Each structure stands twice: as C-alpha cells, then as structure tokens.
>>> print(open('upload08.pdb').read())   # PDB, C-alpha atoms, pLDDT in the B column
ATOM      1  CA  PRO G  10      14.507 147.477-254.401  1.00 84.00           C
ATOM      2  CA  SER G  11      11.346 147.028-252.322  1.00 89.00           C
ATOM      3  CA  ALA G  12      11.918 143.295-251.797  1.00 91.00           C
ATOM      4  CA  LEU G  13      15.495 143.962-250.688  1.00 91.00           C
ATOM      5  CA  LEU G  14      14.294 146.668-248.303  1.00 91.00           C
ATOM      6  CA  TYR G  15      11.652 144.315-246.896  1.00 91.00           C
ATOM      7  CA  LYS G  16      14.348 141.698-246.168  1.00 93.00           C
ATOM      8  CA  ALA G  17      16.577 144.368-244.633  1.00 93.00           C
ATOM      9  CA  MET G  18      13.734 145.439-242.325  1.00 91.00           C
ATOM     10  CA  GLU G  19      13.115 141.837-241.260  1.00 92.00           C
ATOM     11  CA  THR G  20      16.815 141.349-240.548  1.00 95.00           C
ATOM     12  CA  ALA G  21      17.061 144.629-238.635  1.00 92.00           C
ATOM     13  CA  LYS G  22      14.097 143.641-236.478  1.00 91.00           C
ATOM     14  CA  ALA G  23      15.463 140.134-235.855  1.00 95.00           C
ATOM     15  CA  GLN G  24      18.815 141.583-234.811  1.00 97.00           C
ATOM     16  CA  GLU G  25      17.116 144.285-232.759  1.00 96.00           C
ATOM     17  CA  ALA G  26      19.015 146.942-234.676  1.00 95.00           C
ATOM     18  CA  ASP G  27      18.453 150.547-233.669  1.00 92.00           C
ATOM     19  CA  ILE G  28      19.097 151.961-237.127  1.00 92.00           C
ATOM     20  CA  LEU G  29      18.573 150.814-240.690  1.00 92.00           C
ATOM     21  CA  ILE G  30      19.929 152.969-243.472  1.00 91.00           C
ATOM     22  CA  ALA G  31      18.515 152.408-246.948  1.00 89.00           C
ATOM     23  CA  ASP G  32      20.405 153.999-249.825  1.00 86.00           C
ATOM     24  CA  THR G  33      18.060 154.641-252.734  1.00 82.00           C
ATOM     25  CA  ALA G  34      20.779 156.161-254.921  1.00 74.00           C
ATOM     26  CA  GLY G  35      20.041 156.762-258.547  1.00 69.00           C
ATOM     27  CA  ARG G  36      16.547 158.184-258.119  1.00 63.00           C
ATOM     28  CA  LEU G  37      15.903 160.994-260.553  1.00 65.00           C
ATOM     29  CA  GLN G  38      12.984 163.289-259.888  1.00 63.00           C
ATOM     30  CA  ASN G  39      12.114 163.395-263.582  1.00 63.00           C
ATOM     31  CA  ARG G  40      11.947 159.597-263.944  1.00 71.00           C
ATOM     32  CA  LYS G  41       8.410 158.563-263.014  1.00 77.00           C
ATOM     33  CA  ASP G  42       9.289 154.847-262.839  1.00 80.00           C
ATOM     34  CA  LEU G  43      12.109 155.454-260.341  1.00 80.00           C
ATOM     35  CA  MET G  44       9.970 157.759-258.218  1.00 83.00           C
ATOM     36  CA  GLU G  45       7.216 155.109-258.173  1.00 85.00           C
ATOM     37  CA  GLN G  46       9.794 152.588-256.923  1.00 86.00           C
ATOM     38  CA  LEU G  47      10.649 155.028-254.144  1.00 87.00           C
ATOM     39  CA  LYS G  48       6.983 155.386-253.251  1.00 88.00           C
ATOM     40  CA  LYS G  49       6.673 151.585-253.085  1.00 91.00           C
ATOM     41  CA  MET G  50       9.752 151.368-250.851  1.00 90.00           C
ATOM     42  CA  ILE G  51       8.140 153.783-248.416  1.00 92.00           C
ATOM     43  CA  ARG G  52       4.941 151.688-248.399  1.00 92.00           C
ATOM     44  CA  VAL G  53       7.052 148.611-247.574  1.00 90.00           C
ATOM     45  CA  LEU G  54       8.699 150.442-244.678  1.00 89.00           C
ATOM     46  CA  LYS G  55       5.316 151.498-243.340  1.00 91.00           C
ATOM     47  CA  LYS G  56       4.157 147.851-243.280  1.00 87.00           C
ATOM     48  CA  HIS G  57       6.856 147.177-240.693  1.00 83.00           C
ATOM     49  CA  ASN G  58       6.430 150.450-238.857  1.00 87.00           C
ATOM     50  CA  PRO G  59       3.678 152.977-239.646  1.00 92.00           C
ATOM     51  CA  ASP G  60       5.959 155.824-238.486  1.00 90.00           C
ATOM     52  CA  ALA G  61       8.763 154.901-240.891  1.00 88.00           C
ATOM     53  CA  PRO G  62      10.840 156.343-242.344  1.00 91.00           C
ATOM     54  CA  HIS G  63      11.897 158.277-239.280  1.00 91.00           C
ATOM     55  CA  ALA G  64      14.375 160.413-241.192  1.00 93.00           C
ATOM     56  CA  THR G  65      14.987 160.957-244.887  1.00 92.00           C
ATOM     57  CA  ALA G  66      18.200 162.643-245.968  1.00 93.00           C
ATOM     58  CA  LEU G  67      18.344 163.850-249.547  1.00 92.00           C
ATOM     59  CA  VAL G  68      21.852 163.785-250.993  1.00 90.00           C
ATOM     60  CA  LEU G  69      22.324 166.450-253.641  1.00 88.00           C
ATOM     61  CA  ASP G  70      25.171 167.207-256.002  1.00 84.00           C
ATOM     62  CA  ALA G  71      26.224 170.835-255.450  1.00 80.00           C
ATOM     63  CA  THR G  72      27.102 171.188-259.123  1.00 81.00           C
ATOM     64  CA  VAL G  73      23.427 171.091-260.206  1.00 81.00           C
ATOM     65  CA  GLY G  74      22.846 174.629-258.950  1.00 77.00           C
ATOM     66  CA  GLN G  75      19.284 175.921-259.087  1.00 79.00           C
ATOM     67  CA  ASN G  76      17.989 172.581-260.425  1.00 84.00           C
ATOM     68  CA  ALA G  77      18.364 171.395-256.833  1.00 87.00           C
ATOM     69  CA  HIS G  78      15.161 173.286-255.956  1.00 90.00           C
ATOM     70  CA  SER G  79      13.062 171.099-258.261  1.00 88.00           C
ATOM     71  CA  GLN G  80      14.814 168.020-256.924  1.00 89.00           C
ATOM     72  CA  VAL G  81      14.073 168.877-253.304  1.00 91.00           C
ATOM     73  CA  LYS G  82      10.466 169.728-254.130  1.00 91.00           C
ATOM     74  CA  ALA G  83       9.880 166.403-255.908  1.00 87.00           C
ATOM     75  CA  PHE G  84      11.552 164.308-253.215  1.00 88.00           C
ATOM     76  CA  GLN G  85       9.892 166.278-250.432  1.00 89.00           C
ATOM     77  CA  GLU G  86       6.480 165.432-251.905  1.00 87.00           C
ATOM     78  CA  MET G  87       7.370 161.774-252.383  1.00 85.00           C
ATOM     79  CA  ALA G  88       9.507 160.942-249.370  1.00 85.00           C
ATOM     80  CA  SER G  89       9.064 163.669-246.728  1.00 89.00           C
ATOM     81  CA  VAL G  90      12.696 164.772-246.737  1.00 92.00           C
ATOM     82  CA  THR G  91      13.917 165.750-243.262  1.00 95.00           C
ATOM     83  CA  GLY G  92      17.430 166.993-244.076  1.00 95.00           C
ATOM     84  CA  LEU G  93      20.038 167.584-246.752  1.00 94.00           C
ATOM     85  CA  ILE G  94      23.534 166.370-247.552  1.00 92.00           C
ATOM     86  CA  MET G  95      25.400 168.362-250.208  1.00 89.00           C
ATOM     87  CA  THR G  96      28.227 166.683-252.120  1.00 87.00           C
ATOM     88  CA  LYS G  97      30.908 167.737-254.600  1.00 84.00           C
ATOM     89  CA  LEU G  98      31.738 170.946-252.796  1.00 79.00           C
ATOM     90  CA  ASP G  99      35.360 170.246-253.704  1.00 73.00           C
ATOM     91  CA  SER G 100      34.601 170.891-257.376  1.00 66.00           C
ATOM     92  CA  THR G 101      33.992 174.189-259.131  1.00 63.00           C
ATOM     93  CA  ALA G 102      30.599 174.435-257.423  1.00 61.00           C
ATOM     94  CA  LYS G 103      30.569 176.733-254.441  1.00 64.00           C
ATOM     95  CA  GLY G 104      27.302 175.262-253.200  1.00 70.00           C
ATOM     96  CA  GLY G 105      25.644 178.628-252.665  1.00 73.00           C
ATOM     97  CA  VAL G 106      22.326 176.960-253.377  1.00 82.00           C
ATOM     98  CA  VAL G 107      22.605 175.284-249.949  1.00 84.00           C
ATOM     99  CA  VAL G 108      21.378 178.397-248.155  1.00 84.00           C
ATOM    100  CA  GLY G 109      18.405 178.855-250.470  1.00 85.00           C
ATOM    101  CA  LEU G 110      17.381 175.211-250.195  1.00 90.00           C
ATOM    102  CA  SER G 111      17.586 175.177-246.433  1.00 90.00           C
ATOM    103  CA  ASP G 112      15.585 178.390-246.207  1.00 91.00           C
ATOM    104  CA  THR G 113      12.977 177.614-248.877  1.00 92.00           C
ATOM    105  CA  PHE G 114      12.228 174.097-247.662  1.00 94.00           C
ATOM    106  CA  ASN G 115      12.988 174.668-243.971  1.00 95.00           C
ATOM    107  CA  LEU G 116      15.460 171.778-243.946  1.00 95.00           C
ATOM    108  CA  PRO G 117      18.666 171.384-241.973  1.00 95.00           C
ATOM    109  CA  VAL G 118      21.882 170.618-243.808  1.00 94.00           C
ATOM    110  CA  HIS G 119      23.443 167.676-242.006  1.00 95.00           C
ATOM    111  CA  TYR G 120      26.644 167.055-243.953  1.00 93.00           C
ATOM    112  CA  ILE G 121      28.721 168.317-246.849  1.00 90.00           C
ATOM    113  CA  GLY G 122      30.976 166.262-249.073  1.00 88.00           C
ATOM    114  CA  ILE G 123      34.319 167.768-250.028  1.00 85.00           C
ATOM    115  CA  GLY G 124      35.862 164.765-251.747  1.00 83.00           C
ATOM    116  CA  GLU G 125      35.223 161.181-252.733  1.00 83.00           C
ATOM    117  CA  SER G 126      36.049 159.203-249.602  1.00 86.00           C
ATOM    118  CA  VAL G 127      33.962 158.705-246.481  1.00 86.00           C
ATOM    119  CA  GLU G 128      36.460 160.843-244.565  1.00 89.00           C
ATOM    120  CA  ASP G 129      35.514 163.739-246.855  1.00 89.00           C
ATOM    121  CA  LEU G 130      31.948 163.794-245.550  1.00 91.00           C
ATOM    122  CA  ARG G 131      31.876 166.487-242.880  1.00 91.00           C
ATOM    123  CA  PRO G 132      29.227 167.758-240.488  1.00 94.00           C
ATOM    124  CA  PHE G 133      27.790 171.002-241.824  1.00 92.00           C
ATOM    125  CA  ASN G 134      28.850 174.135-239.961  1.00 89.00           C
ATOM    126  CA  ALA G 135      27.059 177.276-241.201  1.00 86.00           C
ATOM    127  CA  ARG G 136      29.794 179.670-240.052  1.00 84.00           C
ATOM    128  CA  ASP G 137      32.611 177.711-241.717  1.00 83.00           C
ATOM    129  CA  PHE G 138      30.500 177.310-244.846  1.00 83.00           C
ATOM    130  CA  ALA G 139      29.849 181.058-245.064  1.00 80.00           C
ATOM    131  CA  TYR G 140      33.553 181.830-244.731  1.00 81.00           C
ATOM    132  CA  ALA G 141      34.442 179.247-247.370  1.00 78.00           C
ATOM    133  CA  LEU G 142      31.780 180.635-249.703  1.00 77.00           C
ATOM    134  CA  MET G 143      33.486 184.021-249.467  1.00 79.00           C
ATOM    135  CA  ASP G 144      36.983 182.494-249.850  1.00 77.00           C
ATOM    136  CA  MET G 145      38.042 184.033-246.547  1.00 73.00           C
ATOM    137  CA  THR G 146      41.374 182.994-245.085  1.00 71.00           C
ATOM    138  CA  PRO G 147      41.601 182.038-241.382  1.00 66.00           C
ATOM    139  CA  GLU G 148      43.204 185.459-240.752  1.00 75.00           C
ATOM    140  CA  GLN G 149      40.293 187.249-242.441  1.00 76.00           C
ATOM    141  CA  GLN G 150      37.862 185.087-240.492  1.00 71.00           C
ATOM    142  CA  SER G 151      39.398 186.070-237.146  1.00 77.00           C
ATOM    143  CA  GLN G 152      39.262 189.755-238.135  1.00 78.00           C
ATOM    144  CA  ALA G 153      35.563 189.372-239.063  1.00 75.00           C
ATOM    145  CA  SER G 154      34.660 187.745-235.736  1.00 68.00           C
TER
END
>>> encode(input="upload08.pdb", output="structure tokens")
Amino acid sequence: PSALLYKAMETAKAQEADILIADTAGRLQNRKDLMEQLKKMIRVLKKHNPDAPHATALVLDATVGQNAHSQVKAFQEMASVTGLIMTKLDSTAKGGVVVGLSDTFNLPVHYIGIGESVEDLRPFNARDFAYALMDMTPEQQSQAS
C-alpha cells in the first residue's frame, strides 16, 4: 500500500492535482500489522509534504454501535482523524452512536451512507438526522419547528 501511495503522490504532483484521495479500506484497529501499514503510509505522505495528510476521514459502519468508540480512538491516535463518515444507516442501525462520537472526539460528521451506491452518500445534516433518529414524519417535524 505504501509503494502505491508513493506513486500516487508522484503522479498527483506531476499533474498538479489539487486533491489526492487515498482509500485505506480494510484497516482494523485490532490488527497491529494493518495499523502499522497505515502508519507507514502516513510516513510516505509526509516525505512528499510534511503537512500531509491534510484531512483524514474515518468511515465507520453504523451497525458496530459502541465499538465505534474504540475504533475512533485507535485511528485518531494513528492517523489524526479530522472527520467522520457513517455508513449503513439504511440497515437496522439507527446510528445513534454518531452523536456520542462527534461529541467525545470533537469531530464533525461529514457524510452518512444510506445505501450502497455513491448516490446514497449524503452530506450530514444534524437536524434531519435527529428527526430521522426519532422516526418523525415531515408533518411532525414541521409541528416541532
């Protein structure tokens, strides 16, 4: 992964790209070898730019519930997480842990996933999320406002 990231950084620089997104999917906080790979990837980024990474979004599965706290803590220590993306909010998970994570770790929630396609990734809106958490209909929402 680090060699691929190094090549991606070289290509991004050569093309004068403004943004490079590196997906490190599959990292598990309880797998030391995978977390060490992540640490190495960050060192590689810093060789190109000492300020990198400029932003680190942690994508969490809403169905893991309170286990998300240990995940955020581990990734925060390793990769300086700057924001959250919560997925699988279309399943049985309500995603109530989102509020606790944001508050505990002082992190913004950037997006939520409510399905499996890219169109199902939506910007996070705290008001809409709160109403959805309480299963409020649009009529109930307008009465509450």
>>> resolve_selection(input="upload08.pdb", expression="the PyMOL selection byres ((chain G and resi 59-73) around 7)", output="PyMOL selection string")
chain G and resi 54-58+74-77+89-98+102+104
>>> resolve_selection(input="upload08.pdb", expression="the PyMOL selection byres ((chain G and resi 131) around 9)", output="PyMOL selection string")
chain G and resi 119-123+127-130+132-134
>>> axis_aligned_box(input="upload08.pdb", around="stretch 75-88 of chain G", padding_each_side="8 Å", output="lines of an AutoDock Vina configuration file")
center_x = 12.9
center_y = 168.4
center_z = -254.9
size_x = 28.8
size_y = 31.0
size_z = 27.1
>>> closest_residue(input="upload08.pdb", among="G:Glu148, G:Gly124, G:Ala139, G:His78", to="G:Gly109", atoms="all atoms listed in the file")
G:His78
>>> resolve_selection(input="upload08.pdb", expression="the PyMOL selection byres ((chain G and resi 29) around 10)", output="ChimeraX atom specification")
/G:14,17-18,20-22,26-28,30-32,62
>>> atom_distance(input="upload08.pdb", atom1="atom CA of G:Val81", atom2="atom CA of G:Gln46")
17.2 Å
>>> atom_distance(input="upload08.pdb", atom1="atom CA of G:Met87", atom2="atom CA of G:Arg40")
12.6 Å
>>> closest_residue(input="upload08.pdb", among="G:Pro10, G:Tyr15, G:Glu25, G:Val118", to="G:Glu45", atoms="all atoms listed in the file")
G:Pro10
>>> atom_distance(input="upload08.pdb", atom1="atom CA of G:Ala83", atom2="atom CA of G:Met44")
8.9 Å
>>> closest_residue(input="upload08.pdb", among="G:Lys16, G:Lys41, G:Lys82, G:Lys48", to="G:Leu110", atoms="all atoms listed in the file")
G:Lys82
